[in-house]
Amino acid sequence: MRRHIWLGFALASLLASGCGTSIDLRQALRVDGVSTGWLNAGSSGGLNKLVPTVSFTLTNISGEPLPLLQVNAVFRRAGEEVEWGARFASAPDRKGLAPGQTTGVLVLASDLGYTGKDSYATMLRHAQFVDTDVDLFAKYSSTQWVRLGRFPVERQLLASRQP
């Protein structure tokens with residue numbers, strides 16, 4: 001019986017050591033080239049539609065690979081903590097991000113935004129327009145989501161969404 005207990009303990013220790021250490025993504029990832037604005041998303045129900053958008057790259061500055069790296073952009077109206085829209089992406093592929101590697105430019109746009117009859121530029125200047133912030137989150141493998149930063153969405157018009 002003691003042998004079975006010892007064997008179980010040894011197996012549990014081996015499995016625990018094989019899982020590796022968890023990497024703090026706030027220290028392991030560098031967010032570069034952040035650009036924000038409002039994307040001309042075409043029309044919706046005969047109205048012009050603008051959606052908040054963020055683009056950026058991520059660089060793995062740790063000495064470890066980050067398998068199954070995922071990012072999430074959560075858009076919130078300024079001064080509010082309620083999620084207004086979000087966009088999820090895997091970066092760069094299933095192999096993950098190797099040490100020292102930088103992703104291509106990631107562009108994440110919300111499905112939700114503002115609609116109106118006015119031109120896109122006029123909509124950005126409208127008195128009832130509410131500014132927006134975007135929180136960037138990341139995770140790898142089965143770790144928990146970690147917030148990498150919050151960025152204001154600039155009141156600038158971006159190019160149209162490509163079909």
# chains A, B, ... in the order shown; residues from 1 in each chain; ligands from 1
>>> residues_around(residues="A:Phe56", least_positions_apart="3", cutoff="7 Å", atoms="only C-alpha atoms", output="number ranges by chain")
A: 31-35, 105-107
>>> write_last_selection(atoms="C-alpha atoms", output="tab-separated table (two decimals), in the first residue's frame")
chain	number	residue	atom	x	y	z
A	31	VAL	CA	2.32	46.03	-27.67
A	32	ASP	CA	3.67	48.20	-30.49
A	33	GLY	CA	2.32	50.48	-33.20
A	34	VAL	CA	-1.11	51.01	-31.63
A	35	SER	CA	-3.37	52.95	-33.96
A	105	VAL	CA	-0.37	43.92	-37.87
A	106	LEU	CA	-3.54	42.81	-36.11
A	107	VAL	CA	-6.67	44.83	-36.96
>>> select_by_dssp(residues="stretch 76-157 of chain A", states="strand (DSSP E or B)", output="PyMOL selection string")
chain A and resi 76-77+85-90+97+102+106-109+114-116+132-139+146-153+157
>>> residues_around(residues="stretch 142-159 of chain A", least_positions_apart="4", cutoff="8 Å", atoms="only C-alpha atoms", output="PDB file with N, CA and C atoms, in the first residue's frame")
ATOM      1  N   SER A  22       3.948  29.271 -15.562  1.00  0.00           N
ATOM      2  CA  SER A  22       3.066  30.213 -16.232  1.00  0.00           C
ATOM      3  C   SER A  22       3.827  31.511 -16.481  1.00  0.00           C
ATOM      4  N   LEU A  25       1.948  37.514 -19.141  1.00  0.00           N
ATOM      5  CA  LEU A  25       1.926  38.163 -20.455  1.00  0.00           C
ATOM      6  C   LEU A  25       2.147  39.665 -20.386  1.00  0.00           C
ATOM      7  N   ARG A  26       1.860  40.285 -19.231  1.00  0.00           N
ATOM      8  CA  ARG A  26       2.135  41.719 -19.098  1.00  0.00           C
ATOM      9  C   ARG A  26       3.634  41.993 -19.212  1.00  0.00           C
ATOM     10  N   VAL A  31       3.301  45.537 -26.710  1.00  0.00           N
ATOM     11  CA  VAL A  31       2.317  46.034 -27.670  1.00  0.00           C
ATOM     12  C   VAL A  31       2.954  47.220 -28.387  1.00  0.00           C
ATOM     13  N   THR A  36      -5.623  53.737 -33.548  1.00  0.00           N
ATOM     14  CA  THR A  36      -7.072  53.575 -33.365  1.00  0.00           C
ATOM     15  C   THR A  36      -7.809  54.576 -34.237  1.00  0.00           C
ATOM     16  N   GLY A  37      -9.072  54.333 -34.436  1.00  0.00           N
ATOM     17  CA  GLY A  37      -9.911  55.244 -35.201  1.00  0.00           C
ATOM     18  C   GLY A  37     -11.255  54.600 -35.469  1.00  0.00           C
ATOM     19  N   TRP A  38     -11.972  55.219 -36.376  1.00  0.00           N
ATOM     20  CA  TRP A  38     -13.325  54.776 -36.718  1.00  0.00           C
ATOM     21  C   TRP A  38     -13.342  54.324 -38.166  1.00  0.00           C
ATOM     22  N   LEU A  39     -13.753  53.091 -38.362  1.00  0.00           N
ATOM     23  CA  LEU A  39     -13.755  52.470 -39.676  1.00  0.00           C
ATOM     24  C   LEU A  39     -15.086  52.699 -40.371  1.00  0.00           C
ATOM     25  N   ASN A  40     -15.016  53.121 -41.623  1.00  0.00           N
ATOM     26  CA  ASN A  40     -16.188  53.218 -42.477  1.00  0.00           C
ATOM     27  C   ASN A  40     -16.621  51.788 -42.767  1.00  0.00           C
ATOM     28  N   PRO A  52     -15.612  51.367 -34.078  1.00  0.00           N
ATOM     29  CA  PRO A  52     -14.283  51.600 -33.498  1.00  0.00           C
ATOM     30  C   PRO A  52     -13.336  50.469 -33.869  1.00  0.00           C
ATOM     31  N   THR A  53     -12.066  50.836 -34.102  1.00  0.00           N
ATOM     32  CA  THR A  53     -11.080  49.886 -34.606  1.00  0.00           C
ATOM     33  C   THR A  53      -9.727  50.152 -33.951  1.00  0.00           C
ATOM     34  N   VAL A  54      -8.981  49.071 -33.727  1.00  0.00           N
ATOM     35  CA  VAL A  54      -7.621  49.188 -33.205  1.00  0.00           C
ATOM     36  C   VAL A  54      -6.710  48.302 -34.046  1.00  0.00           C
ATOM     37  N   TYR A 120     -19.685  60.365 -42.929  1.00  0.00           N
ATOM     38  CA  TYR A 120     -18.852  59.761 -41.884  1.00  0.00           C
ATOM     39  C   TYR A 120     -18.102  60.830 -41.081  1.00  0.00           C
ATOM     40  N   ALA A 121     -17.525  61.804 -41.775  1.00  0.00           N
ATOM     41  CA  ALA A 121     -16.773  62.863 -41.096  1.00  0.00           C
ATOM     42  C   ALA A 121     -17.685  63.699 -40.197  1.00  0.00           C
ATOM     43  N   LEU A 124     -18.497  61.991 -36.834  1.00  0.00           N
ATOM     44  CA  LEU A 124     -17.447  62.091 -35.819  1.00  0.00           C
ATOM     45  C   LEU A 124     -17.504  63.410 -35.049  1.00  0.00           C
ATOM     46  N   ASP A 131     -17.105  59.283 -27.162  1.00  0.00           N
ATOM     47  CA  ASP A 131     -15.799  58.676 -27.408  1.00  0.00           C
ATOM     48  C   ASP A 131     -15.747  57.264 -26.834  1.00  0.00           C
ATOM     49  N   THR A 132     -14.762  56.498 -27.294  1.00  0.00           N
ATOM     50  CA  THR A 132     -14.662  55.086 -26.946  1.00  0.00           C
ATOM     51  C   THR A 132     -13.219  54.744 -26.588  1.00  0.00           C
ATOM     52  N   ASP A 133     -13.070  53.795 -25.676  1.00  0.00           N
ATOM     53  CA  ASP A 133     -11.772  53.231 -25.329  1.00  0.00           C
ATOM     54  C   ASP A 133     -11.759  51.772 -25.744  1.00  0.00           C
ATOM     55  N   VAL A 134     -10.565  51.212 -25.885  1.00  0.00           N
ATOM     56  CA  VAL A 134     -10.432  49.785 -26.186  1.00  0.00           C
ATOM     57  C   VAL A 134      -9.442  49.173 -25.208  1.00  0.00           C
ATOM     58  N   ASP A 135      -9.849  48.080 -24.593  1.00  0.00           N
ATOM     59  CA  ASP A 135      -8.967  47.290 -23.738  1.00  0.00           C
ATOM     60  C   ASP A 135      -8.450  46.127 -24.564  1.00  0.00           C
ATOM     61  N   LEU A 136      -7.130  45.917 -24.549  1.00  0.00           N
ATOM     62  CA  LEU A 136      -6.538  44.767 -25.224  1.00  0.00           C
ATOM     63  C   LEU A 136      -6.201  43.709 -24.185  1.00  0.00           C
ATOM     64  N   PHE A 137      -6.676  42.493 -24.444  1.00  0.00           N
ATOM     65  CA  PHE A 137      -6.427  41.345 -23.582  1.00  0.00           C
ATOM     66  C   PHE A 137      -5.692  40.280 -24.383  1.00  0.00           C
ATOM     67  N   ALA A 138      -4.917  39.447 -23.688  1.00  0.00           N
ATOM     68  CA  ALA A 138      -4.237  38.328 -24.349  1.00  0.00           C
ATOM     69  C   ALA A 138      -4.206  37.137 -23.415  1.00  0.00           C
TER      70      ALA A 138
END
>>> atom_distance(atom1="atom CA of A:Asn72", atom2="atom CA of A:Ala89")
6.4 Å
>>> residues_around(residues="A:Thr102", least_positions_apart="6", cutoff="9 Å", atoms="only C-alpha atoms", output="VMD selection string")
chain A and resid 57 to 60 92
>>> atom_distance(atom1="atom CA of A:Thr115", atom2="atom CA of A:Asn48")
5.3 Å
>>> atom_distance(atom1="atom CA of A:Gln27", atom2="atom CA of A:Ile61")
7.8 Å
>>> select_by_dssp(residues="stretch 12-127 of chain A", states="helix (DSSP H, G or I)", output="list in words")
Ala12, Ser13, Leu14, Leu15, Ala16, Ser17, Gly18, Leu25, Arg26, Gln27, Ala28, Tyr120, Ala121, Thr122, Met123, Leu124 and Arg125 of chain A
>>> write_last_selection(atoms="N, CA and C atoms", output="PDB file, in the first residue's frame")
ATOM      1  N   ALA A  12       2.357  12.322  -9.586  1.00  0.00           N
ATOM      2  CA  ALA A  12       1.778  13.665  -9.479  1.00  0.00           C
ATOM      3  C   ALA A  12       2.864  14.727  -9.554  1.00  0.00           C
ATOM      4  N   SER A  13       4.001  14.496  -8.910  1.00  0.00           N
ATOM      5  CA  SER A  13       5.110  15.447  -8.945  1.00  0.00           C
ATOM      6  C   SER A  13       5.667  15.578 -10.352  1.00  0.00           C
ATOM      7  N   LEU A  14       5.794  14.457 -11.042  1.00  0.00           N
ATOM      8  CA  LEU A  14       6.308  14.467 -12.407  1.00  0.00           C
ATOM      9  C   LEU A  14       5.373  15.238 -13.328  1.00  0.00           C
ATOM     10  N   LEU A  15       4.069  15.001 -13.202  1.00  0.00           N
ATOM     11  CA  LEU A  15       3.099  15.701 -14.039  1.00  0.00           C
ATOM     12  C   LEU A  15       3.109  17.191 -13.752  1.00  0.00           C
ATOM     13  N   ALA A  16       3.214  17.560 -12.484  1.00  0.00           N
ATOM     14  CA  ALA A  16       3.227  18.980 -12.122  1.00  0.00           C
ATOM     15  C   ALA A  16       4.464  19.671 -12.679  1.00  0.00           C
ATOM     16  N   SER A  17       5.604  19.018 -12.628  1.00  0.00           N
ATOM     17  CA  SER A  17       6.826  19.642 -13.129  1.00  0.00           C
ATOM     18  C   SER A  17       6.818  19.722 -14.643  1.00  0.00           C
ATOM     19  N   GLY A  18       6.104  18.845 -15.319  1.00  0.00           N
ATOM     20  CA  GLY A  18       6.053  18.846 -16.776  1.00  0.00           C
ATOM     21  C   GLY A  18       5.139  19.906 -17.339  1.00  0.00           C
ATOM     22  N   LEU A  25       1.948  37.514 -19.141  1.00  0.00           N
ATOM     23  CA  LEU A  25       1.926  38.163 -20.455  1.00  0.00           C
ATOM     24  C   LEU A  25       2.147  39.665 -20.386  1.00  0.00           C
ATOM     25  N   ARG A  26       1.860  40.285 -19.231  1.00  0.00           N
ATOM     26  CA  ARG A  26       2.135  41.719 -19.098  1.00  0.00           C
ATOM     27  C   ARG A  26       3.634  41.993 -19.212  1.00  0.00           C
ATOM     28  N   GLN A  27       4.445  40.996 -18.832  1.00  0.00           N
ATOM     29  CA  GLN A  27       5.897  41.124 -18.929  1.00  0.00           C
ATOM     30  C   GLN A  27       6.447  40.502 -20.212  1.00  0.00           C
ATOM     31  N   ALA A  28       5.730  39.520 -20.763  1.00  0.00           N
ATOM     32  CA  ALA A  28       6.235  38.744 -21.904  1.00  0.00           C
ATOM     33  C   ALA A  28       5.890  39.341 -23.259  1.00  0.00           C
ATOM     34  N   TYR A 120     -19.685  60.365 -42.929  1.00  0.00           N
ATOM     35  CA  TYR A 120     -18.852  59.761 -41.884  1.00  0.00           C
ATOM     36  C   TYR A 120     -18.102  60.830 -41.081  1.00  0.00           C
ATOM     37  N   ALA A 121     -17.525  61.804 -41.775  1.00  0.00           N
ATOM     38  CA  ALA A 121     -16.773  62.863 -41.096  1.00  0.00           C
ATOM     39  C   ALA A 121     -17.685  63.699 -40.197  1.00  0.00           C
ATOM     40  N   THR A 122     -18.887  63.977 -40.652  1.00  0.00           N
ATOM     41  CA  THR A 122     -19.840  64.750 -39.856  1.00  0.00           C
ATOM     42  C   THR A 122     -20.273  63.967 -38.621  1.00  0.00           C
ATOM     43  N   MET A 123     -20.418  62.653 -38.767  1.00  0.00           N
ATOM     44  CA  MET A 123     -20.815  61.821 -37.615  1.00  0.00           C
ATOM     45  C   MET A 123     -19.790  61.928 -36.492  1.00  0.00           C
ATOM     46  N   LEU A 124     -18.497  61.991 -36.834  1.00  0.00           N
ATOM     47  CA  LEU A 124     -17.447  62.091 -35.819  1.00  0.00           C
ATOM     48  C   LEU A 124     -17.504  63.410 -35.049  1.00  0.00           C
ATOM     49  N   ARG A 125     -18.097  64.442 -35.653  1.00  0.00           N
ATOM     50  CA  ARG A 125     -18.187  65.755 -35.005  1.00  0.00           C
ATOM     51  C   ARG A 125     -19.544  65.995 -34.348  1.00  0.00           C
TER      52      ARG A 125
END
>>> closest_residue(among="A:Val71, A:Leu50, A:Ala127, A:Leu66", to="A:Pro99", atoms="only C-alpha atoms")
A:Leu66
